[in-house]
>>> print(open('work21.cif').read())   # mmCIF, C-alpha atoms
data_target
loop_
_atom_site.group_PDB
_atom_site.id
_atom_site.type_symbol
_atom_site.label_atom_id
_atom_site.label_comp_id
_atom_site.auth_asym_id
_atom_site.auth_seq_id
_atom_site.Cartn_x
_atom_site.Cartn_y
_atom_site.Cartn_z
ATOM 1 C CA MET A 1 -118.224 -88.707 12.011
ATOM 2 C CA ALA A 2 -117.672 -87.008 15.359
ATOM 3 C CA GLN A 3 -120.780 -85.831 17.177
ATOM 4 C CA ILE A 4 -121.605 -82.174 17.693
ATOM 5 C CA GLY A 5 -124.782 -80.539 19.020
ATOM 6 C CA MET A 6 -126.339 -77.130 19.491
ATOM 7 C CA VAL A 7 -128.134 -75.663 22.517
ATOM 8 C CA LEU A 8 -131.044 -73.224 22.368
ATOM 9 C CA HIS A 9 -130.704 -70.465 24.961
ATOM 10 C CA HIS A 10 -133.699 -68.908 26.707
ATOM 11 C CA GLY A 11 -135.711 -66.030 25.283
ATOM 12 C CA ILE A 12 -137.663 -67.780 22.511
ATOM 13 C CA GLU A 13 -139.718 -65.160 20.647
ATOM 14 C CA GLY A 14 -142.277 -67.575 19.206
ATOM 15 C CA GLY A 15 -142.851 -70.743 17.262
ATOM 16 C CA THR A 16 -141.786 -69.431 13.865
ATOM 17 C CA ALA A 17 -138.311 -68.421 15.033
ATOM 18 C CA LEU A 18 -137.906 -71.593 17.091
ATOM 19 C CA ALA A 19 -138.823 -73.822 14.159
ATOM 20 C CA ARG A 20 -136.476 -71.905 11.845
ATOM 21 C CA ARG A 21 -133.534 -72.373 14.187
ATOM 22 C CA ALA A 22 -134.273 -76.040 14.784
ATOM 23 C CA ARG A 23 -134.561 -76.798 11.076
ATOM 24 C CA LEU A 24 -131.340 -74.916 10.387
ATOM 25 C CA ALA A 25 -129.441 -77.004 12.951
ATOM 26 C CA GLU A 26 -130.863 -80.165 11.390
ATOM 27 C CA TYR A 27 -130.116 -79.042 7.821
ATOM 28 C CA ARG A 28 -126.559 -78.039 8.719
ATOM 29 C CA GLY A 29 -125.811 -81.531 10.022
ATOM 30 C CA TYR A 30 -125.754 -81.188 13.798
ATOM 31 C CA ASP A 31 -126.440 -84.450 15.625
ATOM 32 C CA SER A 32 -128.442 -83.034 18.512
ATOM 33 C CA LEU A 33 -130.384 -79.967 19.586
ATOM 34 C CA TRP A 34 -130.816 -79.279 23.310
ATOM 35 C CA VAL A 35 -132.974 -77.088 25.496
ATOM 36 C CA THR A 36 -132.211 -76.273 29.114
ATOM 37 C CA GLU A 37 -134.518 -75.870 32.097
ATOM 38 C CA ARG A 38 -134.313 -72.532 33.828
ATOM 39 C CA TYR A 39 -137.106 -71.738 36.201
ATOM 40 C CA PHE A 40 -139.707 -69.181 35.162
ATOM 41 C CA GLN A 41 -138.390 -69.239 31.606
ATOM 42 C CA GLU A 42 -139.800 -71.394 28.798
ATOM 43 C CA GLU A 43 -141.108 -74.785 29.902
ATOM 44 C CA THR A 44 -138.847 -77.490 28.529
ATOM 45 C CA PHE A 45 -141.162 -80.359 27.629
ATOM 46 C CA SER A 46 -143.417 -77.931 25.755
ATOM 47 C CA LEU A 47 -140.374 -76.860 23.745
ATOM 48 C CA LEU A 48 -139.372 -80.463 23.107
ATOM 49 C CA GLY A 49 -142.828 -81.366 21.828
ATOM 50 C CA PHE A 50 -142.752 -78.408 19.454
ATOM 51 C CA LEU A 51 -139.233 -79.300 18.284
ATOM 52 C CA ALA A 52 -140.318 -82.902 17.675
ATOM 53 C CA ALA A 53 -142.967 -81.631 15.275
ATOM 54 C CA ALA A 54 -140.656 -79.091 13.625
ATOM 55 C CA THR A 55 -137.795 -81.514 12.846
ATOM 56 C CA GLU A 56 -137.355 -84.961 11.364
ATOM 57 C CA SER A 57 -133.998 -86.504 12.271
ATOM 58 C CA ILE A 58 -131.964 -84.471 14.758
ATOM 59 C CA GLU A 59 -131.870 -85.852 18.306
ATOM 60 C CA LEU A 60 -133.568 -83.665 20.915
ATOM 61 C CA GLY A 61 -132.032 -83.252 24.357
ATOM 62 C CA VAL A 62 -133.045 -81.640 27.612
ATOM 63 C CA GLY A 63 -130.282 -80.593 29.952
ATOM 64 C CA VAL A 64 -131.541 -80.955 32.639
ATOM 65 C CA VAL A 65 -134.665 -81.617 34.718
ATOM 66 C CA ASN A 66 -134.570 -82.763 38.347
ATOM 67 C CA PRO A 67 -136.572 -85.180 40.523
ATOM 68 C CA TYR A 68 -137.601 -82.543 43.074
ATOM 69 C CA THR A 69 -139.630 -80.108 40.997
ATOM 70 C CA ARG A 70 -140.619 -82.847 38.528
ATOM 71 C CA HIS A 71 -141.706 -86.129 40.064
ATOM 72 C CA PRO A 72 -139.949 -89.017 38.257
ATOM 73 C CA GLY A 73 -143.362 -90.311 37.220
ATOM 74 C CA LEU A 74 -144.043 -87.029 35.415
ATOM 75 C CA VAL A 75 -140.548 -87.057 33.892
ATOM 76 C CA ALA A 76 -141.180 -90.557 32.535
ATOM 77 C CA MET A 77 -144.544 -89.470 31.117
ATOM 78 C CA GLY A 78 -142.973 -86.465 29.404
ATOM 79 C CA ALA A 79 -140.028 -88.477 28.109
ATOM 80 C CA ALA A 80 -142.205 -91.248 26.685
ATOM 81 C CA THR A 81 -144.500 -88.706 25.016
ATOM 82 C CA VAL A 82 -141.661 -86.730 23.405
ATOM 83 C CA ASP A 83 -139.998 -89.968 22.328
ATOM 84 C CA ARG A 84 -143.185 -91.032 20.530
ATOM 85 C CA LEU A 85 -143.745 -87.600 18.993
ATOM 86 C CA SER A 86 -140.155 -87.470 17.735
ATOM 87 C CA ALA A 87 -139.994 -91.079 16.489
ATOM 88 C CA GLY A 88 -137.403 -92.041 19.085
ATOM 89 C CA ARG A 89 -135.094 -89.004 19.201
ATOM 90 C CA LEU A 90 -135.143 -87.918 22.851
ATOM 91 C CA LEU A 91 -132.017 -87.548 25.020
ATOM 92 C CA LEU A 92 -133.120 -87.146 28.649
ATOM 93 C CA GLY A 93 -130.840 -85.126 30.926
ATOM 94 C CA LEU A 94 -131.294 -85.342 34.706
ATOM 95 C CA GLY A 95 -129.610 -83.333 37.446
ATOM 96 C CA ARG A 96 -130.056 -82.587 41.111
ATOM 97 C CA SER A 97 -130.349 -78.767 40.903
ATOM 98 C CA ASP A 98 -129.320 -77.064 44.189
ATOM 99 C CA ALA A 99 -130.700 -76.169 47.592
ATOM 100 C CA GLY A 100 -131.085 -72.479 46.754
ATOM 101 C CA VAL A 101 -133.565 -73.278 43.996
ATOM 102 C CA ILE A 102 -135.293 -76.339 45.426
ATOM 103 C CA GLU A 103 -135.667 -75.148 49.010
ATOM 104 C CA GLY A 104 -135.217 -71.403 48.605
ATOM 105 C CA THR A 105 -137.510 -70.810 45.622
ATOM 106 C CA PHE A 106 -139.897 -73.754 45.726
ATOM 107 C CA GLY A 107 -139.902 -74.679 49.410
ATOM 108 C CA ILE A 108 -139.258 -78.355 48.670
ATOM 109 C CA PRO A 109 -136.972 -80.266 51.090
ATOM 110 C CA TYR A 110 -133.613 -80.864 49.428
ATOM 111 C CA GLU A 111 -132.526 -84.144 50.975
ATOM 112 C CA ARG A 112 -129.941 -86.727 49.874
ATOM 113 C CA PRO A 113 -129.513 -85.049 46.478
ATOM 114 C CA ARG A 114 -127.018 -87.450 44.954
ATOM 115 C CA GLU A 115 -128.814 -90.561 46.234
ATOM 116 C CA THR A 116 -132.177 -89.132 45.182
ATOM 117 C CA LEU A 117 -130.858 -88.501 41.676
ATOM 118 C CA GLY A 118 -129.540 -92.045 41.386
ATOM 119 C CA GLU A 119 -132.850 -93.475 42.563
ATOM 120 C CA ALA A 120 -134.731 -91.239 40.127
ATOM 121 C CA VAL A 121 -132.668 -92.553 37.212
ATOM 122 C CA ASP A 122 -133.577 -96.110 38.213
ATOM 123 C CA VAL A 123 -137.289 -95.352 38.649
ATOM 124 C CA ILE A 124 -137.549 -93.434 35.350
ATOM 125 C CA ARG A 125 -135.715 -96.133 33.426
ATOM 126 C CA ARG A 126 -137.982 -98.820 34.854
ATOM 127 C CA LEU A 127 -141.103 -96.817 34.054
ATOM 128 C CA LEU A 128 -139.902 -96.219 30.499
ATOM 129 C CA ALA A 129 -139.391 -99.984 30.191
ATOM 130 C CA ARG A 130 -143.114 -100.387 31.074
ATOM 131 C CA GLU A 131 -142.407 -102.048 34.409
ATOM 132 C CA THR A 132 -144.835 -101.663 37.283
ATOM 133 C CA VAL A 133 -142.942 -99.692 39.897
ATOM 134 C CA GLU A 134 -143.327 -99.615 43.656
ATOM 135 C CA TYR A 135 -141.053 -97.127 45.362
ATOM 136 C CA GLU A 136 -140.714 -95.829 48.891
ATOM 137 C CA GLY A 137 -138.652 -92.669 49.196
ATOM 138 C CA PRO A 138 -138.779 -88.936 48.512
ATOM 139 C CA PHE A 139 -141.108 -89.595 45.553
ATOM 140 C CA ALA A 140 -143.317 -92.545 46.489
ATOM 141 C CA LEU A 141 -145.004 -94.631 43.787
ATOM 142 C CA ARG A 142 -147.791 -97.185 44.186
ATOM 143 C CA GLU A 143 -148.111 -99.755 41.400
ATOM 144 C CA ALA A 144 -147.204 -97.145 38.809
ATOM 145 C CA ALA A 145 -146.926 -98.137 35.169
ATOM 146 C CA LEU A 146 -146.799 -96.115 31.949
ATOM 147 C CA ALA A 147 -149.474 -96.720 29.353
ATOM 148 C CA VAL A 148 -147.191 -95.460 26.575
ATOM 149 C CA ARG A 149 -143.949 -97.130 25.541
ATOM 150 C CA PRO A 150 -141.011 -95.199 24.063
ATOM 151 C CA LEU A 151 -139.888 -96.343 20.642
ATOM 152 C CA ARG A 152 -136.359 -96.944 21.928
ATOM 153 C CA PRO A 153 -134.681 -97.208 25.332
ATOM 154 C CA THR A 154 -134.360 -93.510 26.157
ATOM 155 C CA PRO A 155 -130.715 -92.488 26.699
ATOM 156 C CA ILE A 156 -130.395 -90.880 30.127
ATOM 157 C CA TYR A 157 -127.667 -88.322 30.805
ATOM 158 C CA VAL A 158 -126.688 -87.227 34.308
ATOM 159 C CA ALA A 159 -125.321 -83.731 34.938
ATOM 160 C CA ALA A 160 -122.213 -83.775 37.099
ATOM 161 C CA ILE A 161 -119.264 -81.655 38.125
ATOM 162 C CA GLY A 162 -117.661 -83.145 41.273
ATOM 163 C CA PRO A 163 -116.101 -86.586 41.746
ATOM 164 C CA ARG A 164 -119.008 -88.332 43.462
ATOM 165 C CA ALA A 165 -121.572 -87.069 40.969
ATOM 166 C CA LEU A 166 -119.286 -88.021 38.072
ATOM 167 C CA ARG A 167 -118.945 -91.538 39.451
ATOM 168 C CA LEU A 168 -122.708 -91.740 39.838
ATOM 169 C CA ALA A 169 -123.094 -90.819 36.169
ATOM 170 C CA GLY A 170 -120.694 -93.576 35.212
ATOM 171 C CA ALA A 171 -122.541 -96.069 37.392
ATOM 172 C CA VAL A 172 -126.130 -95.415 36.274
ATOM 173 C CA ALA A 173 -126.350 -93.258 33.128
ATOM 174 C CA ASP A 174 -125.898 -93.611 29.388
ATOM 175 C CA GLY A 175 -124.089 -90.290 29.262
ATOM 176 C CA VAL A 176 -122.776 -87.473 31.400
ATOM 177 C CA LEU A 177 -123.465 -83.781 30.889
ATOM 178 C CA LEU A 178 -120.444 -81.825 32.061
ATOM 179 C CA ASN A 179 -121.113 -78.281 33.199
ATOM 180 C CA ALA A 180 -120.796 -75.302 30.921
ATOM 181 C CA TYR A 181 -117.914 -72.955 31.751
ATOM 182 C CA VAL A 182 -115.392 -75.674 32.581
ATOM 183 C CA PRO A 183 -111.888 -75.463 31.073
ATOM 184 C CA ALA A 184 -110.549 -78.170 28.785
ATOM 185 C CA ALA A 185 -107.910 -78.989 31.411
ATOM 186 C CA TYR A 186 -110.701 -80.173 33.739
ATOM 187 C CA ILE A 187 -112.038 -82.735 31.271
ATOM 188 C CA PRO A 188 -109.492 -85.604 31.591
ATOM 189 C CA ARG A 189 -109.941 -85.857 35.361
ATOM 190 C CA ALA A 190 -113.731 -85.671 35.025
ATOM 191 C CA VAL A 191 -113.767 -88.378 32.358
ATOM 192 C CA ALA A 192 -111.541 -90.592 34.497
ATOM 193 C CA GLU A 193 -114.049 -90.356 37.347
ATOM 194 C CA VAL A 194 -116.948 -91.239 35.020
ATOM 195 C CA ARG A 195 -115.068 -94.240 33.652
ATOM 196 C CA ALA A 196 -114.119 -95.347 37.168
ATOM 197 C CA GLY A 197 -117.752 -95.183 38.245
ATOM 198 C CA ALA A 198 -118.751 -97.354 35.296
ATOM 199 C CA GLU A 199 -116.066 -99.921 36.051
ATOM 200 C CA GLU A 200 -117.071 -100.097 39.714
ATOM 201 C CA ALA A 201 -120.652 -100.796 38.608
ATOM 202 C CA GLY A 202 -119.553 -103.521 36.198
ATOM 203 C CA ARG A 203 -120.400 -101.455 33.129
ATOM 204 C CA ASP A 204 -118.443 -100.740 29.952
ATOM 205 C CA PRO A 205 -116.618 -97.473 30.733
ATOM 206 C CA ASP A 206 -116.286 -96.629 27.043
ATOM 207 C CA ALA A 207 -120.053 -96.819 26.500
ATOM 208 C CA ILE A 208 -120.732 -93.610 28.463
ATOM 209 C CA ASP A 209 -121.217 -90.622 26.148
ATOM 210 C CA ILE A 210 -119.244 -87.633 27.433
ATOM 211 C CA ALA A 211 -121.189 -84.480 26.544
ATOM 212 C CA CYS A 212 -120.273 -80.931 27.523
ATOM 213 C CA MET A 213 -121.971 -77.604 26.873
ATOM 214 C CA LEU A 214 -119.465 -75.101 25.503
ATOM 215 C CA VAL A 215 -120.332 -71.414 25.769
ATOM 216 C CA VAL A 216 -119.683 -69.794 22.376
ATOM 217 C CA ARG A 217 -119.122 -66.158 21.479
ATOM 218 C CA LEU A 218 -118.471 -65.862 17.729
ATOM 219 C CA THR A 219 -116.680 -62.548 17.240
ATOM 220 C CA ASP A 220 -113.770 -60.769 15.583
ATOM 221 C CA ASP A 221 -113.303 -58.761 18.790
ATOM 222 C CA PRO A 222 -112.823 -61.272 21.639
ATOM 223 C CA ALA A 223 -111.810 -58.609 24.154
ATOM 224 C CA SER A 224 -115.251 -57.023 23.944
ATOM 225 C CA MET A 225 -116.861 -60.244 25.196
ATOM 226 C CA LEU A 226 -114.635 -60.867 28.190
ATOM 227 C CA PRO A 227 -116.130 -58.445 30.784
ATOM 228 C CA GLN A 228 -119.580 -60.057 30.600
ATOM 229 C CA LEU A 229 -118.065 -63.529 30.681
ATOM 230 C CA ARG A 230 -115.901 -62.666 33.698
ATOM 231 C CA ALA A 231 -119.006 -61.507 35.584
ATOM 232 C CA ARG A 232 -120.812 -64.771 34.781
ATOM 233 C CA LEU A 233 -117.804 -66.843 35.805
ATOM 234 C CA ALA A 234 -117.459 -64.954 39.077
ATOM 235 C CA GLY A 235 -120.857 -66.256 40.155
ATOM 236 C CA ILE A 236 -120.085 -69.803 39.048
ATOM 237 C CA MET A 237 -116.677 -70.006 40.712
ATOM 238 C CA ALA A 238 -118.145 -68.604 43.940
ATOM 239 C CA GLU A 239 -120.434 -71.626 44.291
ATOM 240 C CA PRO A 240 -119.506 -74.034 47.101
ATOM 241 C CA HIS A 241 -116.618 -76.327 46.131
ATOM 242 C CA VAL A 242 -116.686 -75.259 42.464
ATOM 243 C CA GLY A 243 -113.841 -72.766 42.661
ATOM 244 C CA GLU A 244 -111.599 -75.230 44.471
ATOM 245 C CA LEU A 245 -112.430 -77.952 41.970
ATOM 246 C CA MET A 246 -111.726 -75.752 38.952
ATOM 247 C CA ALA A 247 -108.454 -74.589 40.480
ATOM 248 C CA GLU A 248 -107.306 -78.142 41.269
ATOM 249 C CA TRP A 249 -108.592 -80.052 38.232
ATOM 250 C CA GLY A 250 -108.744 -77.229 35.717
ATOM 251 C CA GLY A 251 -105.573 -75.386 36.652
ATOM 252 C CA LEU A 252 -107.351 -72.026 36.923
ATOM 253 C CA ASP A 253 -105.813 -69.172 38.883
ATOM 254 C CA LEU A 254 -108.821 -67.878 40.811
ATOM 255 C CA GLY A 255 -106.927 -65.792 43.334
ATOM 256 C CA ASN A 256 -108.761 -65.105 46.570
ATOM 257 C CA LEU A 257 -111.872 -67.282 46.623
ATOM 258 C CA ASP A 258 -113.030 -65.772 49.903
ATOM 259 C CA ALA A 259 -113.105 -62.321 48.287
ATOM 260 C CA LEU A 260 -114.883 -63.732 45.253
ATOM 261 C CA ARG A 261 -117.557 -65.306 47.452
ATOM 262 C CA ALA A 262 -117.949 -62.145 49.489
ATOM 263 C CA ALA A 263 -118.576 -60.147 46.305
ATOM 264 C CA ASP A 264 -121.094 -62.748 45.140
ATOM 265 C CA ALA A 265 -122.896 -62.747 48.508
ATOM 266 C CA ALA A 266 -123.125 -58.947 48.343
ATOM 267 C CA GLY A 267 -124.518 -59.086 44.813
ATOM 268 C CA ASP A 268 -121.610 -57.004 43.539
ATOM 269 C CA ARG A 269 -121.152 -58.361 40.008
ATOM 270 C CA ASP A 270 -118.609 -55.691 39.078
ATOM 271 C CA ALA A 271 -116.358 -56.549 42.021
ATOM 272 C CA GLY A 272 -116.662 -60.251 41.229
ATOM 273 C CA ALA A 273 -115.774 -59.689 37.593
ATOM 274 C CA GLN A 274 -112.659 -57.760 38.597
ATOM 275 C CA LEU A 275 -111.466 -60.814 40.523
ATOM 276 C CA ILE A 276 -111.664 -63.081 37.458
ATOM 277 C CA GLY A 277 -108.848 -62.690 34.960
ATOM 278 C CA ASP A 278 -109.267 -62.600 31.182
ATOM 279 C CA GLU A 279 -107.237 -65.802 30.962
ATOM 280 C CA VAL A 280 -109.836 -67.594 33.098
ATOM 281 C CA ALA A 281 -112.664 -66.346 30.870
ATOM 282 C CA GLU A 282 -110.779 -67.448 27.771
ATOM 283 C CA ALA A 283 -110.064 -70.890 29.268
ATOM 284 C CA CYS A 284 -113.698 -71.514 30.204
ATOM 285 C CA THR A 285 -115.427 -70.294 27.030
ATOM 286 C CA LEU A 286 -115.015 -70.444 23.265
ATOM 287 C CA VAL A 287 -114.459 -66.870 22.088
ATOM 288 C CA GLY A 288 -113.217 -65.716 18.707
ATOM 289 C CA ASP A 289 -113.755 -66.237 15.002
ATOM 290 C CA ALA A 290 -114.959 -69.528 13.520
ATOM 291 C CA GLY A 291 -111.445 -70.885 13.089
ATOM 292 C CA ARG A 292 -110.540 -70.205 16.705
ATOM 293 C CA ILE A 293 -113.767 -71.753 17.990
ATOM 294 C CA ARG A 294 -113.163 -74.889 15.911
ATOM 295 C CA GLU A 295 -109.660 -75.122 17.383
ATOM 296 C CA ARG A 296 -111.014 -74.783 20.910
ATOM 297 C CA THR A 297 -113.721 -77.377 20.263
ATOM 298 C CA GLU A 298 -111.005 -79.805 19.184
ATOM 299 C CA GLU A 299 -109.155 -79.116 22.434
ATOM 300 C CA TYR A 300 -112.205 -80.369 24.320
ATOM 301 C CA ARG A 301 -112.486 -83.409 22.054
ATOM 302 C CA GLU A 302 -108.827 -84.238 22.587
ATOM 303 C CA ALA A 303 -109.332 -83.876 26.339
ATOM 304 C CA GLY A 304 -112.109 -86.492 26.273
ATOM 305 C CA VAL A 305 -115.420 -84.886 25.215
ATOM 306 C CA ASP A 306 -117.335 -87.131 22.786
ATOM 307 C CA HIS A 307 -120.244 -84.799 22.197
ATOM 308 C CA PRO A 308 -119.556 -81.036 22.290
ATOM 309 C CA LEU A 309 -122.734 -78.957 22.611
ATOM 310 C CA LEU A 310 -122.328 -75.403 21.331
ATOM 311 C CA LEU A 311 -124.205 -72.860 23.443
ATOM 312 C CA PRO A 312 -124.432 -69.402 21.819
ATOM 313 C CA ARG A 313 -126.666 -66.513 22.807
ATOM 314 C CA LEU A 314 -130.060 -66.946 21.188
ATOM 315 C CA PRO A 315 -129.744 -64.006 18.725
ATOM 316 C CA ASP A 316 -126.447 -65.519 17.532
ATOM 317 C CA PHE A 317 -127.799 -69.061 17.087
ATOM 318 C CA GLU A 318 -128.180 -68.996 13.299
ATOM 319 C CA GLU A 319 -124.844 -67.318 12.670
ATOM 320 C CA VAL A 320 -123.072 -69.830 14.916
ATOM 321 C CA ALA A 321 -124.934 -72.796 13.417
ATOM 322 C CA ASP A 322 -123.881 -71.728 9.923
ATOM 323 C CA ALA A 323 -120.294 -70.831 10.772
ATOM 324 C CA LEU A 324 -119.504 -73.973 12.773
ATOM 325 C CA ALA A 325 -121.549 -76.553 10.878
ATOM 326 C CA PRO A 326 -119.931 -80.008 10.849
#
>>> encode(input="work21.cif", output="structure tokens")
Amino acid sequence: MAQIGMVLHHGIEGGTALARRARLAEYRGYDSLWVTERYFQEETFSLLGFLAAATESIELGVGVVNPYTRHPGLVAMGAATVDRLSAGRLLLGLGRSDAGVIEGTFGIPYERPRETLGEAVDVIRRLLARETVEYEGPFALREAALAVRPLRPTPIYVAAIGPRALRLAGAVADGVLLNAYVPAAYIPRAVAEVRAGAEEAGRDPDAIDIACMLVVRLTDDPASMLPQLRARLAGIMAEPHVGELMAEWGGLDLGNLDALRAADAAGDRDAGAQLIGDEVAEACTLVGDAGRIRERTEEYREAGVDHPLLLPRLPDFEEVADALAP
């Protein structure tokens, strides 16, 4: 049966509600349940440990942590621990974050991000295999070895959006996590880059799991959801290179990107939202009743996504999990 997962948004009220949602996703037949890392929100490995105890069979994913704020040695420790607690159900997502967060918020030098991510994948995989690791680089290690062994080789997913990052995912990872808010039209080109990266590295291109978070708004009134989604998309499309990539690969009409970036730089969310059309919001999100959302999910599958990950707002999680259960 085709894979499908759910993603828990931020704003967890407490353990009782978290356990209820996790058990519902498991009971309703979802293959995976993911948490994301957003700074100064809930801490992800704490959530994963709790979810391991609250569930029995559903795979547990994190999308994603990075090797700057979490040393790869600490990532390996956390991954091995959650794997043991969950009886071998962890899916480990890694990304490179961005300079604004790493340097701007944390004051950590943001150097060679793509290369650093690739090296981190190698170091973490070797540590999880109980090798003794010596590494000279942005995160030095001296005869480091884990005392705990995962119950299975932990699948590692790499977050990627642009061509070089997608090829890196194909070259080194077990799966790729495609960004939320990408249109289905973007997927075939992204998948081709992942497969090409795998082939260049001498790997089986069909063995890479293509996962993508899909923003879901379950509603009988889609128009009411579009203004908030346009504002969110304005910030995403204003990021360096992202707007151009989504226009070229995703076929989006984004109008004047300079104006969009000026509005974003000024912090004017309303102006940014006015520059994003409803058709862009509808292309980049899954909005509508359950039937429409199922249709849109199939569009992403047909475009090349193996593992759709449904991302609703937290208060809507149970309704979405019930309505869209596999």
>>> resolve_selection(input="work21.cif", expression="the PyMOL selection byres ((chain A and resi 76) around 12)", output="number ranges by chain")
A: 45, 65-67, 70-75, 77-83, 90, 92-94, 120-131, 133, 144-150, 153-154, 156
>>> closest_residue(input="work21.cif", among="A:Leu245, A:Gly14, A:Gly304, A:Val182", to="Arg195 in chain A", atoms="only C-alpha atoms")
A:Gly304
>>> resolve_selection(input="work21.cif", expression="the PyMOL selection byres ((chain A and resi 309) around 8)", output="PyMOL selection string")
chain A and resi 4-7+211-214+307-308+310-311
>>> residues_near_point(input="work21.cif", point="(-112.4, -93.4, 39.1)", cutoff="12 Å", atoms="only C-alpha atoms", output="PyMOL selection string")
chain A and resi 162-171+188-201+205
>>> resolve_selection(input="work21.cif", expression="the PyMOL selection byres ((chain A and resi 287) around 7)", output="PyMOL selection string")
chain A and resi 216-219+222+282+285-286+288+293
>>> atom_distance(input="work21.cif", atom1="CA of Thr36 in chain A", atom2="CA of Gly63 in chain A")
4.8 Å
>>> atom_distance(input="work21.cif", atom1="CA of Ile58 in chain A", atom2="CA of Arg89 in chain A")
7.1 Å
>>> closest_residue(input="work21.cif", among="A:Leu91, A:Ile108, A:Ala273, A:Met225", to="Asp209 in chain A", atoms="only C-alpha atoms")
A:Leu91
>>> atom_distance(input="work21.cif", atom1="CA of Ala2 in chain A", atom2="CA of Asp306 in chain A")
7.4 Å
>>> closest_residue(input="work21.cif", among="A:Pro109, A:Gly118, A:Gly243, A:Gly49", to="Ala87 in chain A", atoms="all atoms listed in the file")
A:Gly49
>>> closest_residue(input="work21.cif", among="A:Glu115, A:Glu59, A:Glu244, A:Glu299", to="Tyr30 in chain A", atoms="all atoms listed in the file")
A:Glu59
>>> residues_around(input="work21.cif", residues="Glu318 in chain A", least_positions_apart="2", cutoff="12 Å", atoms="only C-alpha atoms", output="VMD selection string")
chain A and resid 6 to 8 17 to 28 218 310 to 316 320 to 325
>>> write_last_selection(input="work21.cif", atoms="C-alpha atoms", output="PDB file, keeping the file's coordinate frame")
ATOM      1  CA  MET A   6    -126.339 -77.130  19.491  1.00  0.00           C
ATOM      2  CA  VAL A   7    -128.134 -75.663  22.517  1.00  0.00           C
ATOM      3  CA  LEU A   8    -131.044 -73.224  22.368  1.00  0.00           C
ATOM      4  CA  ALA A  17    -138.311 -68.421  15.033  1.00  0.00           C
ATOM      5  CA  LEU A  18    -137.906 -71.593  17.091  1.00  0.00           C
ATOM      6  CA  ALA A  19    -138.823 -73.822  14.159  1.00  0.00           C
ATOM      7  CA  ARG A  20    -136.476 -71.905  11.845  1.00  0.00           C
ATOM      8  CA  ARG A  21    -133.534 -72.373  14.187  1.00  0.00           C
ATOM      9  CA  ALA A  22    -134.273 -76.040  14.784  1.00  0.00           C
ATOM     10  CA  ARG A  23    -134.561 -76.798  11.076  1.00  0.00           C
ATOM     11  CA  LEU A  24    -131.340 -74.916  10.387  1.00  0.00           C
ATOM     12  CA  ALA A  25    -129.441 -77.004  12.951  1.00  0.00           C
ATOM     13  CA  GLU A  26    -130.863 -80.165  11.390  1.00  0.00           C
ATOM     14  CA  TYR A  27    -130.116 -79.042   7.821  1.00  0.00           C
ATOM     15  CA  ARG A  28    -126.559 -78.039   8.719  1.00  0.00           C
ATOM     16  CA  LEU A 218    -118.471 -65.862  17.729  1.00  0.00           C
ATOM     17  CA  LEU A 310    -122.328 -75.403  21.331  1.00  0.00           C
ATOM     18  CA  LEU A 311    -124.205 -72.860  23.443  1.00  0.00           C
ATOM     19  CA  PRO A 312    -124.432 -69.402  21.819  1.00  0.00           C
ATOM     20  CA  ARG A 313    -126.666 -66.513  22.807  1.00  0.00           C
ATOM     21  CA  LEU A 314    -130.060 -66.946  21.188  1.00  0.00           C
ATOM     22  CA  PRO A 315    -129.744 -64.006  18.725  1.00  0.00           C
ATOM     23  CA  ASP A 316    -126.447 -65.519  17.532  1.00  0.00           C
ATOM     24  CA  VAL A 320    -123.072 -69.830  14.916  1.00  0.00           C
ATOM     25  CA  ALA A 321    -124.934 -72.796  13.417  1.00  0.00           C
ATOM     26  CA  ASP A 322    -123.881 -71.728   9.923  1.00  0.00           C
ATOM     27  CA  ALA A 323    -120.294 -70.831  10.772  1.00  0.00           C
ATOM     28  CA  LEU A 324    -119.504 -73.973  12.773  1.00  0.00           C
ATOM     29  CA  ALA A 325    -121.549 -76.553  10.878  1.00  0.00           C
TER      30      ALA A 325
END
>>> closest_residue(input="work21.cif", among="A:Ala207, A:Ala238, A:Ala290, A:Ala281", to="Ala265 in chain A", atoms="only C-alpha atoms")
A:Ala238
>>> closest_residue(input="work21.cif", among="A:Leu254, A:Leu177, A:Ala259, A:Ala271", to="Ala231 in chain A", atoms="only C-alpha atoms")
A:Ala271
>>> axis_aligned_box(input="work21.cif", around="range 224-233 of chain A", padding_each_side="8 Å", output="AutoDock Vina command-line options")
--center_x -117.7 --center_y -61.9 --center_z 29.9 --size_x 22.2 --size_y 25.8 --size_z 27.9
